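Okay, so here's the structure we're looking at.
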Amino acid sequence: MSGQGVAAFLDVAGVSKAFGAHAALDDCTLAVRQGEIVTLLGASGCGKTTLLRIIAGFVAPDSGTVRLGGQDALAMPVNRRPIGVVFQSYALFPHMTVARNVGYGLRVRGVPREEQRRRLAEALELVSLTAFADRYPAQLSGGQQQRVALARALVLAPQLLLLDEPFSALDAKLRAAMQSEVRRLIKSVGITAVFVTHDQDEAMGISDAIAVMRGGRIEQAGPPAEVYDRPASAFVADFVGAANHWPDEARGGRVTLPAGLSVPSRVIGRVSVMVRPHNLEPCPVGAEGAAWRGRVAFVRPSGPFLEIEVLVEGAPLPFRVTVPRAGAVPAPGEAVALRVRDLSACFVFPRLDQAAA
Amino acid sequence: MSTQRAGGWASGGALLALPSLAFVLVVAGLPLALLLSFAVSDVGMSRGAIVSWSLTTEHFIAAVGDPLYHAAFARSFTLAASVTVLCLLFGFPIAYLHLRSPGWLRTVILVATIAPLLTSAIVRTYAWIVILGRQRGLLNQALLGLGLIDEPLRLINTHWAVLIGMTQIHLPIMVLPLIAVMSRQDPRLEDAALNLGASRLRTLRDVTLPLAVPGIGAGASLVFALSYTTFVVPQLLGGGNYLNAATMIYEQMIFALDWSKGAVTAAIMLATCLATVFAITMATRRAMRWSDQARA
Ligand SMILES: Nc1ncnc2c1ncn2[C@@H]1O[C@H](COP(=O)(O)OP(=O)(O)O)[C@@H](O)[C@H]1O
Ligand SMILES: [Mg+2]
């Protein structure tokens, strides 16, 4: 995201777009610095694709501005914008070979033959598809199709690359591999990129900054760690990672939790205290500084960690606690207290009535 | 896949198809066999009953050398080919407009396309007589009224009237397969072409048109086959002495009562029609070679 005083390379300001009575984008603002990979993260239907389509020029916004490198992008015709797009389902031309797909933009732009050949070869090399140049898209695996789509966009050396959920069609294992591959590729050509996903792990893994979208607006934007550790709202806190919710009352700038711990709160009245699973640790009942008491429901392995589900007295939903596999682990049925590891990474948000986030 | 299909055959798929197969054999196969047998026979008839029957190829040989046949078939072929091309020229923009339209306009276009099919071709042909008529035809009156012409044009009972009428009557047959194929196309492919720098026209040429080929092939085959064999429209709009292959069969069968001659003409019509449709299909397959290779 652009800091104070740094001119944004891509500057989307106050963009709104309605389809009939439905506002797909509502006063959306986003700034991306040159060379940055920014992820638009949000649930399905929150307007991510619509925002990309407006930046690319496939649809015009009802209001707002889009500036690219200081110029008014909305004034550029759709086929003249220096913006590459990798579509959600790749949109490869099924009747063209890999080479013809990747070379299409060069042919259309009337690039000299010799240069076409050179740039095509470079682009295929970049995505390691030289050997597949004469295949048709239907003869390729999902990961290969994705690389063709990337090469087709990058061969034109655009100033900005837009990727709409590029990994959603891939299976989990390939997805992880492609994520780091694509990040490496984008960084190696040094292009500015806006990347769309509804998967928070993907967002964390690929981006320099994350913009969390909700209902056609950008709710919070910032580096992944900042969004995760200092969410601006209960929605963001929930969306970017697992969180436990504790409904309570805040009085005099503090919330006092059942086991005695008190947490500072900037809001008063009905609040929701949110703690990430890895920010909790089980301790013996009655231990110093505990926040909640409860009983272990079950313990399951989760990668290198163990996930413990604790039925906390008074909580509407069980709490999830992740602990390293090494060390003492409470058994199911055992009474435990929960301690907060880092109080500053414990968030208090006003509680909306039914929502409580 | 293929083993599954083979399993389907073995486990009664063929049995299920038997009733309809029998029906087709009786209502289409038998008359066709009868027709072909008349074409290669000399049949002696007396008082409506067949009294003698012998195999011969003389009717075929006579037909193949007869300039009248050449003229009739040439006319049928040029007419059907022109109607096919015209239907494609008018039909593609309609299907393209349908593709580009918002939902409600799509419905309007579809209904407007299908509606004429709900009336009989004879009714539509008479409508053209009303429009193209010499003395009181709407078109001539309009042109006279505007002072664009001094004398009524001869439109009805000409080749042009037949061409215009047939094109309008067969247009839906071209538009429907085009719409079916084109609306299955991923609209993002056009976006992708635009994004890569293509103009709308270039996108149409490089993406929309090549992917519409199966629809063009299907529409062209249907329109060609229908207009090559149609009888009513040329008869009504072309005037009494408009001769093409279909009207020739009618005269041989109904007026000359020469069933063998009529059967020969019909057989030639069937063969040439099938050959042309086959050629269209092959051309379509050729243009769609990429999809074979993709599947292989
Ligand atoms: N062409 C369109 N016509 C009508 N509604 C649309 C259109 N495109 C998107 N929408 C609506 O706008 C909202 C946002 O859509 P989209 O940007 O595709 O969301 P996302 O990509 O985040 O899943 C959705 O509610 C969707 O139904
Ligand atoms: Mg989307």
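By convention in this document, the chains of the structure tokens carry letters A, B, ... by their order, each chain's residues are numbered from 1, and ligands are numbered from 1 in the order they are shown.
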
Next on the checklist: For a quick test of understanding: name the residues of chain B lying within 10 Å of chain A when counting only C-alpha atoms, and present them as a PyMOL selection string.
Outcome noted: chain B and resi 186-200+202-203+206-207+210-211+287-291+293-296

Item to check | Contacts to ligand 1 at 9 Å cut-off (only C-alpha atoms and all ligand atoms) as a VMD selection string | outcome: chain A and resid 17 to 20 22 to 25 40 to 53 59 164 to 165 196 to 198 213 to 216

Checklist entry - Which residues come within 9 Å of A:Asp229, counting only C-alpha atoms, excluding same-chain residues fewer than 5 positions away, as a ChimeraX atom specification? => result /A:224,237,344-347

Go ahead and write the selection's residues with N, CA, C and O atoms as an mmCIF file, in the first residue's frame.
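Output saved as again16.cif:
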```
data_model
loop_
_atom_site.group_PDB
_atom_site.id
_atom_site.type_symbol
_atom_site.label_atom_id
_atom_site.label_comp_id
_atom_site.auth_asym_id
_atom_site.auth_seq_id
_atom_site.Cartn_x
_atom_site.Cartn_y
_atom_site.Cartn_z
ATOM 1 N N PRO A 224 0.713 -8.188 5.109
ATOM 2 C CA PRO A 224 0.001 -9.349 5.661
ATOM 3 C C PRO A 224 0.097 -9.432 7.182
ATOM 4 O O PRO A 224 -0.916 -9.656 7.846
ATOM 5 N N ALA A 237 -10.460 -9.538 11.232
ATOM 6 C CA ALA A 237 -9.815 -10.471 12.148
ATOM 7 C C ALA A 237 -10.243 -11.894 11.832
ATOM 8 O O ALA A 237 -9.437 -12.816 11.788
ATOM 9 N N SER A 344 -1.084 -7.913 23.604
ATOM 10 C CA SER A 344 -1.264 -6.873 22.586
ATOM 11 C C SER A 344 -1.846 -7.465 21.297
ATOM 12 O O SER A 344 -2.319 -6.738 20.431
ATOM 13 N N ALA A 345 -1.792 -8.821 21.148
ATOM 14 C CA ALA A 345 -2.370 -9.440 19.954
ATOM 15 C C ALA A 345 -3.747 -10.019 20.266
ATOM 16 O O ALA A 345 -4.171 -11.003 19.693
ATOM 17 N N CYS A 346 -4.418 -9.365 21.201
ATOM 18 C CA CYS A 346 -5.747 -9.779 21.628
ATOM 19 C C CYS A 346 -6.646 -8.596 21.258
ATOM 20 O O CYS A 346 -6.354 -7.473 21.660
ATOM 21 N N PHE A 347 -7.656 -8.793 20.420
ATOM 22 C CA PHE A 347 -8.411 -7.630 19.923
ATOM 23 C C PHE A 347 -9.779 -7.515 20.560
ATOM 24 O O PHE A 347 -10.438 -8.516 20.791
#
```

Next on the checklist: Need the shell around stretch 74-90 of chain B: protein/DNA/RNA residues with any atom at most 7 Å away, counting only C-alpha atoms. Skip same-chain ones fewer than 5 positions apart. Format as a PyMOL selection string?
Outcome noted: chain B and resi 163+166-167+171+174+220+223-224+227-228+244-245

Checklist entry - Within 10 Å of A:Arg67, counting only C-alpha atoms, which residues qualify if same-chain residues fewer than 4 places away don't, as a VMD selection string? => result chain A and resid 8 to 13 31 55 71 to 75

Next on the checklist: Neighbouring residues of B:Ala161 were defined as those with any atom within 10 Å, considering only C-alpha atoms; residues of the same chain fewer than 4 positions away were excluded. Please report them as a list in words.
Outcome noted: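 What passes the distance filter is Thr125, Trp128, Ile129, Leu132, Gly133, Arg154, Leu155, Ile156, Asn157, Gly165, Met166, Thr167, Val233, Pro234, Leu236, Leu237, Gly238 and Gly239 of chain B.
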
Let me see the file: selected residues, all heavy atoms, as a CSV table (one decimal), in the first residue's frame.
```
chain,number,residue,atom,x,y,z
B,125,THR,N,-45.0,-17.6,-47.5
B,125,THR,CA,-44.8,-17.4,-49.0
B,125,THR,C,-45.9,-16.5,-49.6
B,125,THR,O,-45.6,-15.6,-50.4
B,125,THR,CB,-44.9,-18.8,-49.7
B,125,THR,OG1,-44.0,-19.7,-49.0
B,125,THR,CG2,-44.4,-18.6,-51.1
B,128,TRP,N,-45.1,-13.0,-49.0
B,128,TRP,CA,-44.2,-12.4,-49.9
B,128,TRP,C,-44.8,-12.1,-51.3
B,128,TRP,O,-44.5,-11.1,-51.9
B,128,TRP,CB,-43.0,-13.4,-50.2
B,128,TRP,CG,-42.0,-13.3,-49.1
B,128,TRP,CD1,-41.7,-14.2,-48.1
B,128,TRP,CD2,-41.1,-12.2,-48.9
B,128,TRP,NE1,-40.7,-13.7,-47.3
B,128,TRP,CE2,-40.4,-12.5,-47.7
B,128,TRP,CE3,-41.0,-10.9,-49.5
B,128,TRP,CZ2,-39.4,-11.6,-47.2
B,128,TRP,CZ3,-40.0,-10.0,-48.9
B,128,TRP,CH2,-39.3,-10.4,-47.8
B,129,ILE,N,-45.9,-12.8,-51.6
B,129,ILE,CA,-46.6,-12.5,-52.9
B,129,ILE,C,-47.3,-11.1,-52.7
B,129,ILE,O,-47.2,-10.3,-53.6
B,129,ILE,CB,-47.7,-13.6,-53.2
B,129,ILE,CG1,-47.0,-14.9,-53.5
B,129,ILE,CG2,-48.6,-13.1,-54.3
B,129,ILE,CD1,-47.9,-16.1,-53.8
B,132,LEU,N,-44.4,-8.5,-52.9
B,132,LEU,CA,-43.6,-8.4,-54.1
B,132,LEU,C,-44.5,-8.3,-55.4
B,132,LEU,O,-43.9,-8.1,-56.5
B,132,LEU,CB,-42.7,-9.6,-54.3
B,132,LEU,CG,-41.6,-9.8,-53.2
B,132,LEU,CD1,-40.8,-11.1,-53.4
B,132,LEU,CD2,-40.7,-8.6,-53.1
B,133,GLY,N,-45.8,-8.4,-55.2
B,133,GLY,CA,-46.7,-8.4,-56.3
B,133,GLY,C,-46.5,-7.3,-57.3
B,133,GLY,O,-46.0,-6.2,-57.0
B,154,ARG,N,-40.7,-5.8,-62.1
B,154,ARG,CA,-41.1,-7.3,-62.1
B,154,ARG,C,-40.4,-8.0,-61.1
B,154,ARG,O,-39.2,-8.2,-61.2
B,154,ARG,CB,-40.8,-7.8,-63.5
B,154,ARG,CG,-41.8,-8.9,-63.9
B,154,ARG,CD,-41.5,-9.6,-65.1
B,154,ARG,NE,-41.7,-10.9,-64.7
B,154,ARG,CZ,-41.1,-12.0,-65.2
B,154,ARG,NH1,-40.3,-11.9,-66.2
B,154,ARG,NH2,-41.4,-13.2,-64.8
B,155,LEU,N,-41.0,-8.3,-60.0
B,155,LEU,CA,-40.4,-9.0,-58.9
B,155,LEU,C,-40.9,-10.4,-58.7
B,155,LEU,O,-40.2,-11.4,-58.7
B,155,LEU,CB,-40.6,-8.2,-57.6
B,155,LEU,CG,-39.9,-6.8,-57.5
B,155,LEU,CD1,-40.5,-6.1,-56.3
B,155,LEU,CD2,-38.4,-7.0,-57.4
B,156,ILE,N,-42.2,-10.5,-58.6
B,156,ILE,CA,-42.9,-11.8,-58.4
B,156,ILE,C,-42.6,-12.6,-59.7
B,156,ILE,O,-42.5,-12.0,-60.7
B,156,ILE,CB,-44.4,-11.6,-58.0
B,156,ILE,CG1,-44.9,-12.8,-57.4
B,156,ILE,CG2,-45.2,-11.2,-59.3
B,156,ILE,CD1,-44.5,-13.0,-56.0
B,157,ASN,N,-42.6,-13.9,-59.5
B,157,ASN,CA,-42.4,-14.8,-60.6
B,157,ASN,C,-41.0,-14.6,-61.2
B,157,ASN,O,-40.8,-14.8,-62.4
B,157,ASN,CB,-43.4,-14.6,-61.7
B,157,ASN,CG,-44.8,-15.0,-61.2
B,157,ASN,OD1,-44.9,-15.5,-60.1
B,157,ASN,ND2,-45.8,-14.7,-62.0
B,165,GLY,N,-37.6,-14.9,-50.8
B,165,GLY,CA,-38.6,-15.6,-50.0
B,165,GLY,C,-37.9,-16.8,-49.3
B,165,GLY,O,-38.1,-17.0,-48.0
B,166,MET,N,-37.1,-17.5,-50.0
B,166,MET,CA,-36.4,-18.7,-49.4
B,166,MET,C,-35.4,-18.2,-48.3
B,166,MET,O,-35.3,-18.9,-47.2
B,166,MET,CB,-35.6,-19.4,-50.4
B,166,MET,CG,-36.5,-20.0,-51.5
B,166,MET,SD,-36.7,-21.7,-51.3
B,166,MET,CE,-35.2,-22.3,-52.0
B,167,THR,N,-34.7,-17.1,-48.5
B,167,THR,CA,-33.8,-16.6,-47.5
B,167,THR,C,-34.5,-16.3,-46.2
B,167,THR,O,-34.1,-16.7,-45.1
B,167,THR,CB,-33.0,-15.4,-48.0
B,167,THR,OG1,-32.3,-15.8,-49.2
B,167,THR,CG2,-32.0,-14.9,-47.0
B,233,VAL,N,-42.2,-23.0,-52.1
B,233,VAL,CA,-41.7,-21.6,-52.3
B,233,VAL,C,-41.4,-21.3,-53.8
B,233,VAL,O,-41.9,-20.3,-54.3
B,233,VAL,CB,-40.6,-21.3,-51.3
B,233,VAL,CG1,-40.3,-19.8,-51.4
B,233,VAL,CG2,-40.9,-21.7,-49.9
B,234,PRO,N,-40.5,-22.1,-54.4
B,234,PRO,CA,-40.2,-21.8,-55.8
B,234,PRO,C,-41.5,-21.9,-56.7
B,234,PRO,O,-41.7,-21.0,-57.6
B,234,PRO,CB,-39.3,-22.9,-56.2
B,234,PRO,CG,-38.8,-23.5,-55.0
B,234,PRO,CD,-39.8,-23.2,-53.9
B,236,LEU,N,-44.6,-21.1,-55.8
B,236,LEU,CA,-45.5,-20.0,-55.6
B,236,LEU,C,-44.8,-18.7,-56.0
B,236,LEU,O,-45.5,-17.8,-56.6
B,236,LEU,CB,-46.0,-19.9,-54.2
B,236,LEU,CG,-46.9,-21.1,-53.8
B,236,LEU,CD1,-47.3,-20.9,-52.3
B,236,LEU,CD2,-48.2,-21.1,-54.6
B,237,LEU,N,-43.6,-18.5,-55.7
B,237,LEU,CA,-42.9,-17.2,-55.9
B,237,LEU,C,-42.2,-17.2,-57.3
B,237,LEU,O,-42.0,-16.1,-57.8
B,237,LEU,CB,-41.9,-16.9,-54.8
B,237,LEU,CG,-42.4,-16.7,-53.4
B,237,LEU,CD1,-41.3,-16.4,-52.5
B,237,LEU,CD2,-43.4,-15.5,-53.4
B,238,GLY,N,-41.9,-18.3,-57.9
B,238,GLY,CA,-41.2,-18.4,-59.1
B,238,GLY,C,-42.1,-18.4,-60.3
B,238,GLY,O,-41.6,-18.3,-61.5
B,239,GLY,N,-43.4,-18.6,-60.1
B,239,GLY,CA,-44.3,-18.7,-61.2
B,239,GLY,C,-44.4,-20.1,-61.8
B,239,GLY,O,-43.6,-21.0,-61.5
```

Next on the checklist: So that I can check the secondary structure, give me every residue of stretch 135-303 of chain A assigned strand (DSSP E or B) by backbone DSSP, as number ranges by chain.
Outcome noted: A: 160-164, 192-197, 209-214, 217-222, 244-251, 254-256, 262-264, 269-275, 280-283, 290-302

Next on the checklist: Give me the residues near B:Ser260 as a VMD selection string, where near means some atom within 8 Å (using only C-alpha atoms) and where sequence neighbours in that chain fewer than 2 positions away do not count.
Outcome noted: chain B and resid 38 to 43 59 258 262 to 264

Those residues with all heavy atoms, as a tab-separated table (two decimals), in the first residue's frame please?
```
chain	number	residue	atom	x	y	z
B	38	PHE	N	-38.06	-48.15	-58.07
B	38	PHE	CA	-38.72	-47.57	-59.24
B	38	PHE	C	-37.70	-46.95	-60.18
B	38	PHE	O	-37.82	-47.02	-61.39
B	38	PHE	CB	-39.73	-46.49	-58.81
B	38	PHE	CG	-41.12	-47.04	-58.61
B	38	PHE	CD1	-41.66	-47.18	-57.35
B	38	PHE	CD2	-41.88	-47.41	-59.71
B	38	PHE	CE1	-42.93	-47.68	-57.16
B	38	PHE	CE2	-43.16	-47.92	-59.54
B	38	PHE	CZ	-43.69	-48.06	-58.25
B	39	ALA	N	-36.67	-46.33	-59.59
B	39	ALA	CA	-35.69	-45.63	-60.41
B	39	ALA	C	-34.91	-46.58	-61.31
B	39	ALA	O	-34.47	-46.18	-62.39
B	39	ALA	CB	-34.73	-44.84	-59.51
B	40	VAL	N	-34.75	-47.81	-60.88
B	40	VAL	CA	-33.96	-48.75	-61.69
B	40	VAL	C	-34.86	-49.79	-62.36
B	40	VAL	O	-34.41	-50.87	-62.70
B	40	VAL	CB	-32.88	-49.45	-60.84
B	40	VAL	CG1	-31.82	-48.45	-60.40
B	40	VAL	CG2	-33.50	-50.14	-59.63
B	41	SER	N	-36.14	-49.45	-62.55
B	41	SER	CA	-37.05	-50.43	-63.15
B	41	SER	C	-37.86	-49.81	-64.28
B	41	SER	O	-38.03	-48.60	-64.35
B	41	SER	CB	-38.04	-50.96	-62.11
B	41	SER	OG	-37.41	-51.18	-60.88
B	42	ASP	N	-38.33	-50.68	-65.12
B	42	ASP	CA	-39.33	-50.29	-66.10
B	42	ASP	C	-40.64	-50.87	-65.61
B	42	ASP	O	-40.76	-52.08	-65.46
B	42	ASP	CB	-38.97	-50.91	-67.46
B	42	ASP	CG	-39.10	-49.88	-68.55
B	42	ASP	OD1	-39.64	-48.79	-68.27
B	42	ASP	OD2	-38.67	-50.18	-69.68
B	43	VAL	N	-41.58	-50.02	-65.28
B	43	VAL	CA	-42.81	-50.53	-64.69
B	43	VAL	C	-43.95	-50.34	-65.69
B	43	VAL	O	-44.17	-49.23	-66.18
B	43	VAL	CB	-43.15	-49.79	-63.39
B	43	VAL	CG1	-44.37	-50.40	-62.73
B	43	VAL	CG2	-41.96	-49.83	-62.45
B	59	HIS	N	-33.35	-45.11	-67.56
B	59	HIS	CA	-33.83	-43.82	-67.05
B	59	HIS	C	-32.67	-42.98	-66.54
B	59	HIS	O	-32.60	-41.78	-66.79
B	59	HIS	CB	-34.84	-44.03	-65.92
B	59	HIS	CG	-36.01	-44.85	-66.34
B	59	HIS	ND1	-36.84	-44.48	-67.37
B	59	HIS	CD2	-36.47	-46.04	-65.87
B	59	HIS	CE1	-37.77	-45.41	-67.52
B	59	HIS	NE2	-37.56	-46.37	-66.63
B	258	ASP	N	-45.04	-40.50	-64.80
B	258	ASP	CA	-43.91	-41.36	-65.09
B	258	ASP	C	-43.11	-41.56	-63.81
B	258	ASP	O	-42.20	-40.81	-63.49
B	258	ASP	CB	-43.05	-40.70	-66.18
B	258	ASP	CG	-42.00	-41.66	-66.71
B	258	ASP	OD1	-41.65	-42.62	-65.99
B	258	ASP	OD2	-41.53	-41.44	-67.83
B	262	GLY	N	-39.57	-39.84	-62.38
B	262	GLY	CA	-39.63	-39.06	-61.14
B	262	GLY	C	-38.71	-39.64	-60.08
B	262	GLY	O	-37.99	-38.91	-59.39
B	263	ALA	N	-38.69	-40.98	-60.01
B	263	ALA	CA	-37.85	-41.64	-59.00
B	263	ALA	C	-36.38	-41.39	-59.29
B	263	ALA	O	-35.58	-41.17	-58.38
B	263	ALA	CB	-38.14	-43.13	-58.97
B	264	VAL	N	-36.00	-41.39	-60.56
B	264	VAL	CA	-34.62	-41.12	-60.94
B	264	VAL	C	-34.23	-39.70	-60.52
B	264	VAL	O	-33.20	-39.48	-59.88
B	264	VAL	CB	-34.42	-41.31	-62.46
B	264	VAL	CG1	-33.12	-40.65	-62.90
B	264	VAL	CG2	-34.42	-42.77	-62.80
```

Checklist entry - Using only C-alpha atoms, which residue out of B:Phe92, B:Met248, B:Arg286, B:Cys273 lies closest to B:Ala63? => result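 Of B:Phe92, B:Met248, B:Arg286, B:Cys273, the one nearest B:Ala63 is B:Met248, counting only C-alpha atoms.
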